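Enquirer: Below is one structure. I have some questions about it.
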Amino acid sequence: MNREELIEHWAAGIIPAVFKAEDNIRPQLQQILDEHKEDKEKGAYLYCRAIAEEIVSKITDKQIEES
C-alpha cells in the first residue's frame, strides 16, 4: 500500500466509520464527557473505546477471524 492508498483507506473507510459511530451513540458519549470532566485523559480513552465498541459491534466474529 502506498501513501495515497493509505490516505484513501482512512478517508473512505475508517474516518466515516468513526463519525457514524459517534452519531449512533452521541448520548452515551456525552455522558462519558460529563462524568470525566476532572480526568480528561480517562474520559478521552473511554470516549474512544465506546466508539471502537460501536464500530466492532457491527462486525461478526467470523469476519473478525477472517481479517
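Each chain in the C-alpha cells gets a letter, A, B and so on, in the order shown; residues start at 1 in every chain, and ligands are counted from 1 in the order they appear.
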Tell me, which residues of range 10-62 of chain A carry DSSP alpha helix (DSSP H), written as an NGL selection string?
Expert: :A and (15-24 or 26-35 or 40-56 or 61-62)
Enquirer: I'd like the neighbourhood of range 54-62 of chain A as a list of chain:residue names, where a residue qualifies if any of its atoms comes within 9 Å (using only C-alpha atoms), though same-chain residues fewer than 2 positions away should be ignored.
Expert: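 Skipping anything fewer than 2 positions along the chain leaves A:Ala17, A:Val18, A:Lys20, A:Ala21, A:Glu22, A:Asn24, A:Ile25, A:Arg49, A:Ala50, A:Ile51, A:Ala52, A:Ile64, A:Glu65, A:Glu66, A:Ser67.
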Enquirer: Restricting the output to C-alpha atoms, write the selected residues as a short mmCIF file (atom, residue, chain, number, x, y, z; two decimals), in the first residue's frame.
Expert:
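Result file is selection-v2.cif:
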data_model
loop_
_atom_site.label_atom_id
_atom_site.label_comp_id
_atom_site.auth_asym_id
_atom_site.auth_seq_id
_atom_site.Cartn_x
_atom_site.Cartn_y
_atom_site.Cartn_z
CA ALA A 17 -17.00 4.79 10.43
CA VAL A 18 -15.92 6.88 13.42
CA LYS A 20 -21.20 7.26 12.06
CA ALA A 21 -20.45 5.54 15.37
CA GLU A 22 -20.36 8.92 17.13
CA ASN A 24 -25.18 6.41 16.79
CA ILE A 25 -24.08 6.74 20.42
CA ARG A 49 -13.28 2.93 23.44
CA ALA A 50 -17.04 3.47 23.17
CA ILE A 51 -16.64 4.44 19.52
CA ALA A 52 -14.47 1.38 18.87
CA ILE A 64 -13.01 -10.76 12.71
CA GLU A 65 -11.45 -14.23 12.39
CA GLU A 66 -11.06 -13.80 8.63
CA SER A 67 -9.30 -10.45 8.84
#
Enquirer: Which of these residues is nearest to Gln28 in chain A, using only C-alpha atoms: A:Trp10, A:Lys40, A:Ile15, A:Tyr47?
Expert: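 For Gln28 in chain A, the nearest of the candidates is A:Tyr47.
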Enquirer: Any idea what the distance is between CA of Lys37 in chain A and CA of Asp23 in chain A?
Expert: 21.0 Å
Enquirer: Give me, please, the distance in Å between CA of Phe19 in chain A and CA of Asp34 in chain A, quoted to one decimal.
Expert: 19.7 Å
